[in-house]
Amino acid sequence: MKILVTGGAGYIGSQMVRQLLENKMEVVVADSLENGHRAAIPANVPLRVGDIGDEKFLNDLFAREKFDAVIHFAGYIAVKESVENPLKYFRNNVEKTIRLTSAMLQANVTRLVFSSSAAIYGNPTQVPIPDDHPKQPINPYGESKYLIEKVLHWLGAATPLRAISLRYFNACGAALDGAFGEDHPDEGHIIPLALHAAQNGKPFLLFGDDYKTRDGACVRDYIHVIDLCDAHLRALDALTRGHATDAYNVGTGRGFSNRAIAESVRRVTGIDFEIQIAPRRPGDPDELVADSSRLQKEFGWQPRHSDLETIVGSAWQWHKSHPRGYGDR
Ligand SMILES: NC(=O)c1ccc[n+]([C@@H]2O[C@H](COP(=O)([O-])OP(=O)(O)OC[C@H]3O[C@@H](n4cnc5c(N)ncnc54)[C@H](O)[C@@H]3O)[C@@H](O)[C@H]2O)c1
């Protein structure tokens, strides 16, 4: 199988590329490199640098090679920024994804795995959150993912395109050998932020301690990036066997508070940094924990690396050996 990975120079996409190669698939990456890193892509994988909103770039891409499927990671990911600049998110995550699906249909590429998010649920009324929980996003980022899920649903009804949307909870961790990991510009994710605090002797900012949770800090479900990519392989396999368009949660079913994460980073690094309470970030729900039982039952998926020690330990190994990330910014 030949797979086009959009956003393959980013954090999750670059891990996906490795797992596709391990599974003997041929891979091409399309990435604007706006937030990704050339060095994150193995040297033997072709990288097409361009924007998936650029129709000429897309048409060339699909004209040049025959892909069996697309795994679509390209997008913007910062909730806070999406609240401040919604159009930026609707343009990049919605409008450009629609262009991608249109180019796929034109080229008769009919299998798509899409990076959705737990952010589509907003403040859940039921935790763990089942796949059929009402979708009420509370920020433009979550709305942009939900809009695409709806587009894919209607395309599934009217065209040959079949898509599986995977609603990631908090993707985290790094390669188990520490060879690559998370390097986002303007990092907003808690584990790298806590590791930076440990590494640089700075206080760790805990955004809000008055959420409706046991210790007042937000609660999230942390899924190791390797387990997350394994879910994509299974989704791809299901599509190849003729699976209909659908959407699944990908999480462990266990929630950890931001405070528990900071404490785990202290434990793993052996560095006792200060935890400083800061104002809430806009758009952050109290608690997001997945019920992934449908994914487990239907695809035989199980998280294997998502215990907190492995997650924080692998991330620490990467950050320790790459204090400036990929070093290209
Ligand atoms: N990281 C998480 O915890 C998380 C959780 C839920 C969903 N997701 C989704 O997973 C996907 C990947 O997330 P990530 O953490 O790897 O982000 P990332 O920023 O590391 O990777 C995204 C990549 O897409 C590229 N890109 C963005 N817009 C593009 C465009 N228009 N054309 C071409 N390339 C473009 C960027 O350069 C970057 O390399 C995103 O769609 C994100 O919304 C991530």
# chains A, B, ... in the order shown; residues from 1 in each chain; ligands from 1
>>> closest_atom_pairs(of="chain A", to="ligand 1", cutoff="8 Å", atoms="only C-alpha atoms and all ligand atoms", output="CSV")
residue,atom,partner,partner_atom_place_in_ligand_line,distance
A:Thr6,CA,ligand 1,34 (N),6.2
A:Gly7,CA,ligand 1,24 (O),3.4
A:Gly8,CA,ligand 1,39 (O),6.0
A:Ala9,CA,ligand 1,39 (O),4.3
A:Gly10,CA,ligand 1,21 (O),3.4
A:Tyr11,CA,ligand 1,16 (O),3.7
A:Ile12,CA,ligand 1,16 (O),3.8
A:Gly13,CA,ligand 1,16 (O),5.4
A:Ser14,CA,ligand 1,16 (O),7.6
A:Ala30,CA,ligand 1,33 (C),6.2
A:Asp31,CA,ligand 1,34 (N),3.7
A:Ser32,CA,ligand 1,34 (N),4.0
A:Leu33,CA,ligand 1,37 (O),3.9
A:Glu34,CA,ligand 1,37 (O),4.0
A:Asn35,CA,ligand 1,37 (O),3.6
A:Gly36,CA,ligand 1,39 (O),3.0
A:His37,CA,ligand 1,39 (O),6.4
A:Val49,CA,ligand 1,33 (C),7.6
A:Gly50,CA,ligand 1,33 (C),5.8
A:Asp51,CA,ligand 1,32 (N),3.5
A:Ile52,CA,ligand 1,32 (N),4.1
A:Gly53,CA,ligand 1,31 (N),5.6
A:His72,CA,ligand 1,41 (O),7.1
A:Phe73,CA,ligand 1,11 (C),4.1
A:Ala74,CA,ligand 1,24 (O),3.4
A:Gly75,CA,ligand 1,27 (C),4.0
A:Tyr76,CA,ligand 1,27 (C),5.5
A:Ile77,CA,ligand 1,43 (O),4.4
A:Ala78,CA,ligand 1,43 (O),8.0
A:Asn92,CA,ligand 1,31 (N),5.4
A:Asn93,CA,ligand 1,31 (N),7.4
A:Lys96,CA,ligand 1,31 (N),6.4
A:Phe114,CA,ligand 1,41 (O),7.8
A:Ser115,CA,ligand 1,10 (O),4.8
A:Ser116,CA,ligand 1,7 (C),5.3
A:Ser117,CA,ligand 1,6 (C),4.1
A:Ala118,CA,ligand 1,6 (C),6.5
A:Ala119,CA,ligand 1,6 (C),7.4
A:Tyr141,CA,ligand 1,43 (O),7.7
A:Lys145,CA,ligand 1,43 (O),7.6
A:Arg167,CA,ligand 1,6 (C),6.5
A:Tyr168,CA,ligand 1,6 (C),4.4
A:Phe169,CA,ligand 1,5 (C),5.6
A:Asn170,CA,ligand 1,3 (O),4.2
A:Ala171,CA,ligand 1,3 (O),3.7
A:Cys172,CA,ligand 1,3 (O),6.5
A:Glu182,CA,ligand 1,20 (O),7.2
A:Asp183,CA,ligand 1,20 (O),7.0
A:His184,CA,ligand 1,20 (O),5.7
A:His189,CA,ligand 1,3 (O),7.4
>>> closest_atom_pairs(of="range 85-196 of chain A", to="range 289-300 of chain A", cutoff="8 Å", atoms="only C-alpha atoms", output="JSON lines")
{"residue": "A:Val127", "atom": "CA", "partner": "A:Val289", "partner_atom": "CA", "distance": 6.2}
{"residue": "A:Pro128", "atom": "CA", "partner": "A:Val289", "partner_atom": "CA", "distance": 5.0}
{"residue": "A:Ile129", "atom": "CA", "partner": "A:Ala290", "partner_atom": "CA", "distance": 5.0}
{"residue": "A:Pro130", "atom": "CA", "partner": "A:Asp291", "partner_atom": "CA", "distance": 4.9}
{"residue": "A:Asp131", "atom": "CA", "partner": "A:Asp291", "partner_atom": "CA", "distance": 7.2}
{"residue": "A:Phe169", "atom": "CA", "partner": "A:Ala290", "partner_atom": "CA", "distance": 7.0}
>>> select_by_dssp(residues="range 179-304 of chain A", states="alpha helix (DSSP H)", output="ChimeraX atom specification")
/A:190-200,225-240,258-269,293-299
>>> select_by_dssp(residues="range 81-243 of chain A", states="strand (DSSP E)", output="MDAnalysis selection string")
chainID A and resid 111:117 162:168 170:172 204:207 219:220 222:224
>>> atom_distance(atom1="CA of Thr125 in chain A", atom2="CA of Tyr248 in chain A")
18.0 Å
>>> closest_residue(among="A:Leu233, A:Leu100, A:Ala278, A:Ile261", to="Asp210 in chain A", atoms="only C-alpha atoms")
A:Ala278
>>> residues_around(residues="Arg111 in chain A", least_positions_apart="2", cutoff="8 Å", atoms="only C-alpha atoms", output="number ranges by chain")
A: 68-70, 109, 113, 161-163, 236, 239-240
>>> residues_around(residues="Asp209 in chain A", least_positions_apart="2", cutoff="12 Å", atoms="only C-alpha atoms", output="ChimeraX atom specification")
/A:205-207,211-219,257-259,275-281,286
>>> write_last_selection(atoms="C-alpha atoms", output="mmCIF file, in the first residue's frame")
data_model
loop_
_atom_site.group_PDB
_atom_site.id
_atom_site.type_symbol
_atom_site.label_atom_id
_atom_site.label_comp_id
_atom_site.auth_asym_id
_atom_site.auth_seq_id
_atom_site.Cartn_x
_atom_site.Cartn_y
_atom_site.Cartn_z
ATOM 1 C CA LEU A 205 2.340 27.128 35.276
ATOM 2 C CA LEU A 206 -0.778 25.207 36.300
ATOM 3 C CA PHE A 207 -3.588 26.807 34.281
ATOM 4 C CA TYR A 211 -12.147 23.269 37.758
ATOM 5 C CA LYS A 212 -14.864 20.879 38.880
ATOM 6 C CA THR A 213 -12.433 18.020 39.467
ATOM 7 C CA ARG A 214 -11.015 16.238 42.510
ATOM 8 C CA ASP A 215 -7.978 18.518 42.929
ATOM 9 C CA GLY A 216 -9.303 21.535 40.959
ATOM 10 C CA ALA A 217 -6.942 21.009 37.997
ATOM 11 C CA CYS A 218 -8.138 19.874 34.533
ATOM 12 C CA VAL A 219 -8.284 16.121 34.028
ATOM 13 C CA SER A 257 -5.115 15.859 36.635
ATOM 14 C CA ASN A 258 -2.628 18.490 35.477
ATOM 15 C CA ARG A 259 -1.234 18.467 39.002
ATOM 16 C CA ILE A 275 4.153 24.588 40.538
ATOM 17 C CA GLN A 276 2.657 28.074 40.116
ATOM 18 C CA ILE A 277 -1.096 28.608 39.743
ATOM 19 C CA ALA A 278 -1.949 30.673 36.632
ATOM 20 C CA PRO A 279 -5.327 31.781 35.204
ATOM 21 C CA ARG A 280 -7.415 29.281 33.252
ATOM 22 C CA ARG A 281 -6.772 29.086 29.518
ATOM 23 C CA ASP A 286 -12.933 20.340 33.141
#
>>> closest_atom_pairs(of="range 58-173 of chain A", to="range 243-246 of chain A", cutoff="8 Å", atoms="only C-alpha atoms", output="JSON lines")
{"residue": "A:Leu152", "atom": "CA", "partner": "A:Thr245", "partner_atom": "CA", "distance": 7.4}
{"residue": "A:His153", "atom": "CA", "partner": "A:Thr245", "partner_atom": "CA", "distance": 6.5}
{"residue": "A:Gly156", "atom": "CA", "partner": "A:Thr245", "partner_atom": "CA", "distance": 5.9}
{"residue": "A:Arg162", "atom": "CA", "partner": "A:Thr245", "partner_atom": "CA", "distance": 4.9}
{"residue": "A:Ala163", "atom": "CA", "partner": "A:Thr245", "partner_atom": "CA", "distance": 4.7}
{"residue": "A:Ile164", "atom": "CA", "partner": "A:Asp246", "partner_atom": "CA", "distance": 5.0}
{"residue": "A:Ser165", "atom": "CA", "partner": "A:Asp246", "partner_atom": "CA", "distance": 6.4}
>>> residues_around(residues="Leu195 in chain A", least_positions_apart="4", cutoff="12 Å", atoms="only C-alpha atoms", output="mmCIF file with N, CA and C atoms, in the first residue's frame")
data_model
loop_
_atom_site.group_PDB
_atom_site.id
_atom_site.type_symbol
_atom_site.label_atom_id
_atom_site.label_comp_id
_atom_site.auth_asym_id
_atom_site.auth_seq_id
_atom_site.Cartn_x
_atom_site.Cartn_y
_atom_site.Cartn_z
ATOM 1 N N GLY A 173 4.151 11.473 24.808
ATOM 2 C CA GLY A 173 5.235 10.485 24.781
ATOM 3 C C GLY A 173 6.095 10.654 23.543
ATOM 4 N N GLU A 182 8.257 15.333 20.700
ATOM 5 C CA GLU A 182 7.367 16.478 20.506
ATOM 6 C C GLU A 182 8.172 17.771 20.462
ATOM 7 N N GLU A 187 4.809 25.776 22.320
ATOM 8 C CA GLU A 187 4.289 24.532 22.926
ATOM 9 C C GLU A 187 3.162 24.824 23.908
ATOM 10 N N HIS A 189 1.336 21.954 25.172
ATOM 11 C CA HIS A 189 0.981 20.676 25.793
ATOM 12 C C HIS A 189 1.685 20.500 27.134
ATOM 13 N N ILE A 190 0.959 19.914 28.050
ATOM 14 C CA ILE A 190 1.417 19.950 29.445
ATOM 15 C C ILE A 190 2.717 19.174 29.702
ATOM 16 N N ILE A 191 2.894 18.006 29.087
ATOM 17 C CA ILE A 191 4.093 17.224 29.437
ATOM 18 C C ILE A 191 5.369 17.939 28.972
ATOM 19 N N GLN A 199 13.736 21.205 33.198
ATOM 20 C CA GLN A 199 15.034 21.343 32.533
ATOM 21 C C GLN A 199 15.657 22.729 32.743
ATOM 22 N N ASN A 200 14.779 23.759 32.784
ATOM 23 C CA ASN A 200 15.294 25.135 32.810
ATOM 24 C C ASN A 200 15.206 25.782 34.179
ATOM 25 N N GLY A 201 14.834 24.997 35.210
ATOM 26 C CA GLY A 201 14.749 25.546 36.566
ATOM 27 C C GLY A 201 13.736 26.667 36.673
ATOM 28 N N LYS A 202 12.638 26.543 35.896
ATOM 29 C CA LYS A 202 11.595 27.582 35.918
ATOM 30 C C LYS A 202 10.340 27.016 36.585
ATOM 31 N N PRO A 203 9.442 27.890 37.070
ATOM 32 C CA PRO A 203 8.198 27.351 37.630
ATOM 33 C C PRO A 203 7.322 26.761 36.526
ATOM 34 N N PHE A 204 6.535 25.766 36.884
ATOM 35 C CA PHE A 204 5.561 25.191 35.959
ATOM 36 C C PHE A 204 4.235 25.897 36.205
ATOM 37 N N LEU A 205 3.603 26.406 35.120
ATOM 38 C CA LEU A 205 2.340 27.128 35.276
ATOM 39 C C LEU A 205 1.173 26.148 35.190
ATOM 40 N N ILE A 261 0.140 15.183 36.633
ATOM 41 C CA ILE A 261 1.142 15.110 35.556
ATOM 42 C C ILE A 261 2.413 15.839 36.002
ATOM 43 N N ALA A 262 2.241 17.027 36.573
ATOM 44 C CA ALA A 262 3.423 17.782 37.020
ATOM 45 C C ALA A 262 4.181 16.970 38.068
ATOM 46 N N GLU A 263 3.426 16.311 38.955
ATOM 47 C CA GLU A 263 4.106 15.517 39.993
ATOM 48 C C GLU A 263 4.825 14.320 39.384
ATOM 49 N N SER A 264 4.215 13.735 38.358
ATOM 50 C CA SER A 264 4.874 12.603 37.703
ATOM 51 C C SER A 264 6.167 13.066 37.007
ATOM 52 N N VAL A 265 6.135 14.282 36.439
ATOM 53 C CA VAL A 265 7.355 14.819 35.795
ATOM 54 C C VAL A 265 8.438 15.065 36.858
ATOM 55 N N ARG A 266 8.027 15.541 38.029
ATOM 56 C CA ARG A 266 9.007 15.720 39.119
ATOM 57 C C ARG A 266 9.647 14.370 39.485
ATOM 58 N N ARG A 267 8.796 13.347 39.583
ATOM 59 C CA ARG A 267 9.254 12.006 39.984
ATOM 60 C C ARG A 267 10.220 11.447 38.947
ATOM 61 N N VAL A 268 9.820 11.503 37.668
ATOM 62 C CA VAL A 268 10.629 10.873 36.611
ATOM 63 C C VAL A 268 11.957 11.614 36.418
ATOM 64 N N THR A 269 11.912 12.955 36.469
ATOM 65 C CA THR A 269 13.150 13.713 36.219
ATOM 66 C C THR A 269 14.012 13.815 37.470
ATOM 67 N N GLY A 270 13.380 13.641 38.639
ATOM 68 C CA GLY A 270 14.109 13.832 39.902
ATOM 69 C C GLY A 270 14.392 15.310 40.154
ATOM 70 N N ILE A 271 13.670 16.198 39.452
ATOM 71 C CA ILE A 271 13.897 17.645 39.617
ATOM 72 C C ILE A 271 12.647 18.264 40.247
ATOM 73 N N ASP A 272 12.865 19.001 41.341
ATOM 74 C CA ASP A 272 11.739 19.509 42.119
ATOM 75 C C ASP A 272 11.414 20.952 41.737
ATOM 76 N N PHE A 273 10.758 21.162 40.598
ATOM 77 C CA PHE A 273 10.428 22.528 40.161
ATOM 78 C C PHE A 273 9.162 23.022 40.874
ATOM 79 N N VAL A 312 5.879 9.639 30.311
ATOM 80 C CA VAL A 312 6.737 10.731 30.787
ATOM 81 C C VAL A 312 8.213 10.341 30.624
ATOM 82 N N GLY A 313 8.513 9.061 30.859
ATOM 83 C CA GLY A 313 9.903 8.598 30.727
ATOM 84 C C GLY A 313 10.418 8.759 29.303
ATOM 85 N N SER A 314 9.604 8.366 28.297
ATOM 86 C CA SER A 314 10.067 8.476 26.903
ATOM 87 C C SER A 314 10.171 9.952 26.495
ATOM 88 N N ALA A 315 9.213 10.765 26.955
ATOM 89 C CA ALA A 315 9.265 12.202 26.627
ATOM 90 C C ALA A 315 10.508 12.835 27.265
ATOM 91 N N TRP A 316 10.813 12.428 28.475
ATOM 92 C CA TRP A 316 11.973 12.999 29.180
ATOM 93 C C TRP A 316 13.273 12.625 28.455
ATOM 94 N N GLN A 317 13.335 11.373 28.013
ATOM 95 C CA GLN A 317 14.532 10.920 27.277
ATOM 96 C C GLN A 317 14.764 11.795 26.043
ATOM 97 N N TRP A 318 13.672 12.075 25.309
ATOM 98 C CA TRP A 318 13.759 12.916 24.099
ATOM 99 C C TRP A 318 14.170 14.349 24.455
ATOM 100 N N HIS A 319 13.511 14.931 25.461
ATOM 101 C CA HIS A 319 13.796 16.331 25.812
ATOM 102 C C HIS A 319 15.203 16.485 26.382
ATOM 103 N N LYS A 320 15.644 15.466 27.134
ATOM 104 C CA LYS A 320 16.979 15.533 27.729
ATOM 105 C C LYS A 320 18.048 15.537 26.636
ATOM 106 N N HIS A 322 17.489 16.284 23.435
ATOM 107 C CA HIS A 322 17.205 17.318 22.414
ATOM 108 C C HIS A 322 16.657 18.560 23.096
ATOM 109 N N PRO A 323 17.462 19.245 23.910
ATOM 110 C CA PRO A 323 16.928 20.398 24.653
ATOM 111 C C PRO A 323 16.391 21.491 23.745
#
>>> atom_distance(atom1="CA of Val28 in chain A", atom2="CA of Phe62 in chain A")
11.0 Å
>>> closest_atom_pairs(of="range 186-265 of chain A", to="range 20-24 of chain A", cutoff="10 Å", atoms="only C-alpha atoms", output="tab-separated table")
residue	atom	partner	partner_atom	distance
A:Cys229	CA	A:Leu20	CA	8.9
A:Asp230	CA	A:Leu20	CA	9.4
A:His232	CA	A:Leu20	CA	9.5
A:Leu233	CA	A:Leu20	CA	7.5
